[in-house]
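*Asks:* Structure supplied as data19.pdb; contents: PDB, C-alpha atoms, pLDDT in the B column.
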ATOM      1  CA  MET A 292       0.000   0.000   0.000  1.00 71.00           C
ATOM      2  CA  LYS A 293       2.865   2.379   0.816  1.00 67.00           C
ATOM      3  CA  LYS A 294       4.346   1.765  -2.646  1.00 62.00           C
ATOM      4  CA  ILE A 295       1.051   2.703  -4.320  1.00 59.00           C
ATOM      5  CA  ILE A 296       0.786   5.906  -2.272  1.00 57.00           C
ATOM      6  CA  ALA A 297       4.421   6.762  -3.072  1.00 56.00           C
ATOM      7  CA  LEU A 298       3.786   6.125  -6.790  1.00 49.00           C
ATOM      8  CA  LEU A 299       0.712   8.362  -6.814  1.00 51.00           C
ATOM      9  CA  ALA A 300       2.574  11.099  -4.937  1.00 54.00           C
ATOM     10  CA  LEU A 301       5.463  10.924  -7.401  1.00 50.00           C
ATOM     11  CA  ALA A 302       3.112  10.970 -10.393  1.00 51.00           C
ATOM     12  CA  SER A 303       1.300  14.016  -9.046  1.00 49.00           C
ATOM     13  CA  LEU A 304       4.567  15.894  -8.657  1.00 49.00           C
ATOM     14  CA  CYS A 305       5.778  15.284 -12.182  1.00 50.00           C
ATOM     15  CA  GLY A 306       3.408  17.194 -14.392  1.00 48.00           C
ATOM     16  CA  CYS A 307       5.713  15.616 -16.961  1.00 48.00           C
ATOM     17  CA  ALA A 308       5.612  17.287 -20.363  1.00 47.00           C
ATOM     18  CA  SER A 309       4.180  20.754 -20.053  1.00 50.00           C
ATOM     19  CA  THR A 310       3.301  23.269 -22.731  1.00 53.00           C
ATOM     20  CA  GLN A 311       2.687  26.052 -20.223  1.00 57.00           C
ATOM     21  CA  PRO A 312       4.849  29.175 -20.421  1.00 61.00           C
ATOM     22  CA  VAL A 313       5.543  28.671 -16.702  1.00 69.00           C
ATOM     23  CA  GLY A 314       4.516  25.991 -14.252  1.00 69.00           C
ATOM     24  CA  GLY A 315       3.825  25.678 -10.572  1.00 76.00           C
ATOM     25  CA  LEU A 316       4.361  22.577  -8.489  1.00 76.00           C
ATOM     26  CA  ILE A 317       1.212  23.142  -6.414  1.00 85.00           C
ATOM     27  CA  TYR A 318      -0.812  25.655  -8.427  1.00 88.00           C
ATOM     28  CA  ALA A 319      -0.631  27.300 -11.831  1.00 88.00           C
ATOM     29  CA  ASP A 320      -3.184  29.267 -13.834  1.00 89.00           C
ATOM     30  CA  VAL A 321      -1.463  30.678 -16.910  1.00 89.00           C
ATOM     31  CA  GLN A 322      -2.273  31.813 -20.422  1.00 90.00           C
ATOM     32  CA  GLY A 323      -0.002  32.182 -23.397  1.00 88.00           C
ATOM     33  CA  PRO A 324       0.112  32.596 -27.142  1.00 88.00           C
ATOM     34  CA  VAL A 325       0.319  29.708 -29.582  1.00 89.00           C
ATOM     35  CA  ALA A 326      -0.021  31.186 -33.078  1.00 88.00           C
ATOM     36  CA  THR A 327      -1.368  34.072 -35.132  1.00 87.00           C
ATOM     37  CA  THR A 328      -1.972  34.774 -38.800  1.00 89.00           C
ATOM     38  CA  HIS A 329      -1.825  37.936 -40.882  1.00 91.00           C
ATOM     39  CA  LEU A 330      -5.498  38.559 -40.066  1.00 92.00           C
ATOM     40  CA  PRO A 331      -6.619  40.707 -37.127  1.00 92.00           C
ATOM     41  CA  LYS A 332      -7.892  38.816 -34.083  1.00 92.00           C
ATOM     42  CA  GLY A 333     -11.379  37.610 -35.013  1.00 94.00           C
ATOM     43  CA  PRO A 334     -14.565  38.432 -33.109  1.00 96.00           C
ATOM     44  CA  LEU A 335     -15.597  34.781 -32.655  1.00 97.00           C
ATOM     45  CA  ARG A 336     -14.124  32.737 -29.800  1.00 97.00           C
ATOM     46  CA  GLY A 337     -14.121  28.981 -29.299  1.00 97.00           C
ATOM     47  CA  GLU A 338     -12.513  26.830 -26.624  1.00 97.00           C
ATOM     48  CA  ALA A 339     -11.616  23.141 -26.444  1.00 97.00           C
ATOM     49  CA  CYS A 340     -10.127  21.469 -23.362  1.00 97.00           C
ATOM     50  CA  ALA A 341      -8.467  18.294 -22.122  1.00 96.00           C
ATOM     51  CA  THR A 342      -8.068  17.306 -18.470  1.00 96.00           C
ATOM     52  CA  GLY A 343      -5.796  14.991 -16.542  1.00 94.00           C
ATOM     53  CA  TRP A 344      -5.595  13.572 -13.020  1.00 94.00           C
ATOM     54  CA  PHE A 345      -2.560  12.496 -10.989  1.00 89.00           C
ATOM     55  CA  GLY A 346      -0.378  12.620 -14.106  1.00 85.00           C
ATOM     56  CA  LEU A 347      -1.798   9.176 -14.867  1.00 91.00           C
ATOM     57  CA  PHE A 348      -5.147   9.707 -16.610  1.00 93.00           C
ATOM     58  CA  ALA A 349      -6.056  12.239 -19.288  1.00 95.00           C
ATOM     59  CA  THR A 350      -9.035  12.785 -21.564  1.00 96.00           C
ATOM     60  CA  GLY A 351     -10.462  15.412 -23.870  1.00 96.00           C
ATOM     61  CA  ASP A 352      -9.969  17.109 -27.215  1.00 97.00           C
ATOM     62  CA  ALA A 353      -8.027  20.372 -27.027  1.00 96.00           C
ATOM     63  CA  SER A 354      -7.426  20.568 -30.769  1.00 96.00           C
ATOM     64  CA  VAL A 355      -7.627  23.760 -32.803  1.00 96.00           C
ATOM     65  CA  ALA A 356     -10.284  22.103 -34.977  1.00 96.00           C
ATOM     66  CA  GLU A 357     -12.498  21.471 -31.928  1.00 97.00           C
ATOM     67  CA  ALA A 358     -11.992  25.017 -30.635  1.00 97.00           C
ATOM     68  CA  ALA A 359     -12.905  26.436 -34.066  1.00 96.00           C
ATOM     69  CA  LYS A 360     -16.004  24.227 -34.189  1.00 97.00           C
ATOM     70  CA  ALA A 361     -17.043  25.380 -30.695  1.00 97.00           C
ATOM     71  CA  GLY A 362     -16.738  28.995 -31.834  1.00 97.00           C
ATOM     72  CA  GLY A 363     -18.619  28.468 -35.094  1.00 96.00           C
ATOM     73  CA  MET A 364     -15.715  29.605 -37.254  1.00 96.00           C
ATOM     74  CA  SER A 365     -13.969  28.253 -40.311  1.00 94.00           C
ATOM     75  CA  ILE A 366     -11.201  30.879 -40.496  1.00 95.00           C
ATOM     76  CA  VAL A 367      -8.910  30.888 -37.458  1.00 95.00           C
ATOM     77  CA  SER A 368      -6.876  34.057 -36.980  1.00 95.00           C
ATOM     78  CA  HIS A 369      -5.376  33.661 -33.518  1.00 95.00           C
ATOM     79  CA  ILE A 370      -4.770  30.803 -31.059  1.00 96.00           C
ATOM     80  CA  ASP A 371      -4.059  31.079 -27.333  1.00 95.00           C
ATOM     81  CA  GLN A 372      -3.775  28.461 -24.611  1.00 95.00           C
ATOM     82  CA  HIS A 373      -4.904  28.416 -21.000  1.00 94.00           C
ATOM     83  CA  SER A 374      -3.524  25.907 -18.505  1.00 93.00           C
ATOM     84  CA  THR A 375      -4.592  25.198 -14.943  1.00 92.00           C
ATOM     85  CA  ASN A 376      -2.764  22.867 -12.594  1.00 91.00           C
ATOM     86  CA  ILE A 377      -3.843  22.177  -9.017  1.00 91.00           C
ATOM     87  CA  VAL A 378      -1.595  19.499  -7.443  1.00 89.00           C
ATOM     88  CA  VAL A 379      -3.214  16.372  -8.978  1.00 91.00           C
ATOM     89  CA  TYR A 380      -5.534  18.010 -11.539  1.00 92.00           C
ATOM     90  CA  THR A 381      -4.487  19.557 -14.846  1.00 92.00           C
ATOM     91  CA  LYS A 382      -6.594  21.287 -17.496  1.00 94.00           C
ATOM     92  CA  TYR A 383      -5.284  22.508 -20.864  1.00 94.00           C
ATOM     93  CA  CYS A 384      -7.480  24.581 -23.171  1.00 96.00           C
ATOM     94  CA  THR A 385      -6.925  25.783 -26.710  1.00 96.00           C
ATOM     95  CA  VAL A 386      -8.680  29.088 -27.390  1.00 97.00           C
ATOM     96  CA  ALA A 387      -9.259  29.994 -31.044  1.00 97.00           C
ATOM     97  CA  TYR A 388     -10.394  33.336 -32.438  1.00 97.00           C
ATOM     98  CA  GLY A 389     -11.595  33.825 -35.979  1.00 96.00           C
ATOM     99  CA  TYR A 390     -14.340  34.437 -38.522  1.00 96.00           C
ATOM    100  CA  LYS A 391     -17.285  32.612 -40.031  1.00 93.00           C
ATOM    101  CA  GLY A 392     -16.632  31.019 -43.404  1.00 78.00           C
ATOM    102  CA  GLY A 393     -16.163  33.252 -46.398  1.00 63.00           C
ATOM    103  CA  ALA A 394     -16.229  36.584 -44.550  1.00 47.00           C
ATOM    104  CA  LYS A 395     -12.605  37.552 -43.985  1.00 50.00           C
ATOM    105  CA  ALA A 396     -11.437  40.445 -41.873  1.00 46.00           C
ATOM    106  CA  GLN A 397     -11.869  43.933 -43.255  1.00 45.00           C
TER     107      GLN A 397
END
For the structure just supplied, provide its representation as structure tokens.
*Replies:*
Amino acid sequence: MKKIIALLALASLCGCASTQPVGGLIYADVQGPVATTHLPKGPLRGEACATGWFGLFATGDASVAEAAKAGGMSIVSHIDQHSTNIVVYTKYCTVAYGYKGGAKAQ
């Protein structure tokens, strides 16, 4: 039982691969840029997230395609990310900004 507890404690401490600009061992709530295009930041916003627990289990779809779909856009102009980490819980969200199909920025 002690080995299982030690394994879970170790897994919770190694957030392993992180795409956050900065991380926190106990708590982090950060945002950062991912990509932009030549277009101005669009008025539509869509978000797609994935979550993980204990560094052992993860689920979700944080793809740009899912974020664009959630925002009802077909032209993505700007992508940000938002990450939250609270000891054993991690959430990563892709935030897309853009325009509906066909109507490009002025």
*Asks:* Counting only C-alpha atoms, which residues have an atom no more than 6 Å from (-15.9, 32.7, -32.4) in the file's coordinates? Please list them as an mmCIF file with C-alpha atoms, in the frame of the given file.
*Replies:*
data_model
loop_
_atom_site.group_PDB
_atom_site.id
_atom_site.type_symbol
_atom_site.label_atom_id
_atom_site.label_comp_id
_atom_site.auth_asym_id
_atom_site.auth_seq_id
_atom_site.Cartn_x
_atom_site.Cartn_y
_atom_site.Cartn_z
ATOM 1 C CA PRO A 334 -14.565 38.432 -33.109
ATOM 2 C CA LEU A 335 -15.597 34.781 -32.655
ATOM 3 C CA ARG A 336 -14.124 32.737 -29.800
ATOM 4 C CA GLY A 337 -14.121 28.981 -29.299
ATOM 5 C CA GLY A 362 -16.738 28.995 -31.834
ATOM 6 C CA GLY A 363 -18.619 28.468 -35.094
ATOM 7 C CA MET A 364 -15.715 29.605 -37.254
ATOM 8 C CA TYR A 388 -10.394 33.336 -32.438
ATOM 9 C CA GLY A 389 -11.595 33.825 -35.979
#
*Asks:* Could you check how far atom CA of Ser368 of chain A sits from atom CA of Tyr383 of chain A, in Å to one decimal?
*Replies:*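 Distance between the two atoms: 19.9 Å.
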*Asks:* With distances taken over only C-alpha atoms, which residue among A:Ala361, A:Ala356, A:Cys384, A:Val378 lies nearest Ala341 of chain A?
*Replies:*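 The answer is A:Cys384, which sits nearest to Ala341 of chain A.
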*Asks:* One decimal, Å: what's the distance from atom CA of Asp352 of chain A over to atom CA of Thr385 of chain A, could you say?
*Replies:* 9.2 Å
*Asks:* Please indicate the distance in Å from atom CA of Thr342 of chain A to atom CA of Asp371 of chain A, rounded to one decimal place.
*Replies:*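 Atom CA of Asp371 of chain A lies 16.9 Å from atom CA of Thr342 of chain A.
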*Asks:* Pull out every residue that the PyMOL selection byres ((chain A and resi 376) around 8) matches in the shown coordinates and put them as a list of chain:residue names.
*Replies:*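 Selected by the PyMOL selection byres ((chain A and resi 376) around 8) here: A:Gly315, A:Ile317, A:Tyr318, A:Ala319, A:Asp320, A:Ser374, A:Thr375, A:Ile377, A:Val378, A:Val379, A:Tyr380, A:Thr381, A:Lys382.
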*Asks:* Could you tell me which of A:Gly346, A:His369, A:Met292, A:Val386 comes closest to Pro331 of chain A if we count only C-alpha atoms?
*Replies:*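 Smallest separation from Pro331 of chain A among the options: A:His369.
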*Asks:* Box for segment 322-325 of chain A - axis-aligned, 5 Å on each of the six sides, all listed atoms - centre and size in Å to one decimal, as lines of an AutoDock Vina configuration file.
*Replies:*
center_x = -1.0
center_y = 31.2
center_z = -25.0
size_x = 12.6
size_y = 12.9
size_z = 19.2
*Asks:* Which one is closest to Ile366 of chain A: A:Glu338, A:Phe345, A:Val325, A:Ala387? Count only C-alpha atoms.
*Replies:*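 Using only C-alpha atoms, Ile366 of chain A sits closest to A:Ala387.
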*Asks:* Check the smallest atom-to-atom distance from each of A:Lys391, A:Val355, A:Gly323, A:Lys332 to His373 of chain A using only C-alpha atoms, then report the winner.
*Replies:*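 Closest residue, counting only C-alpha atoms: A:Gly323.
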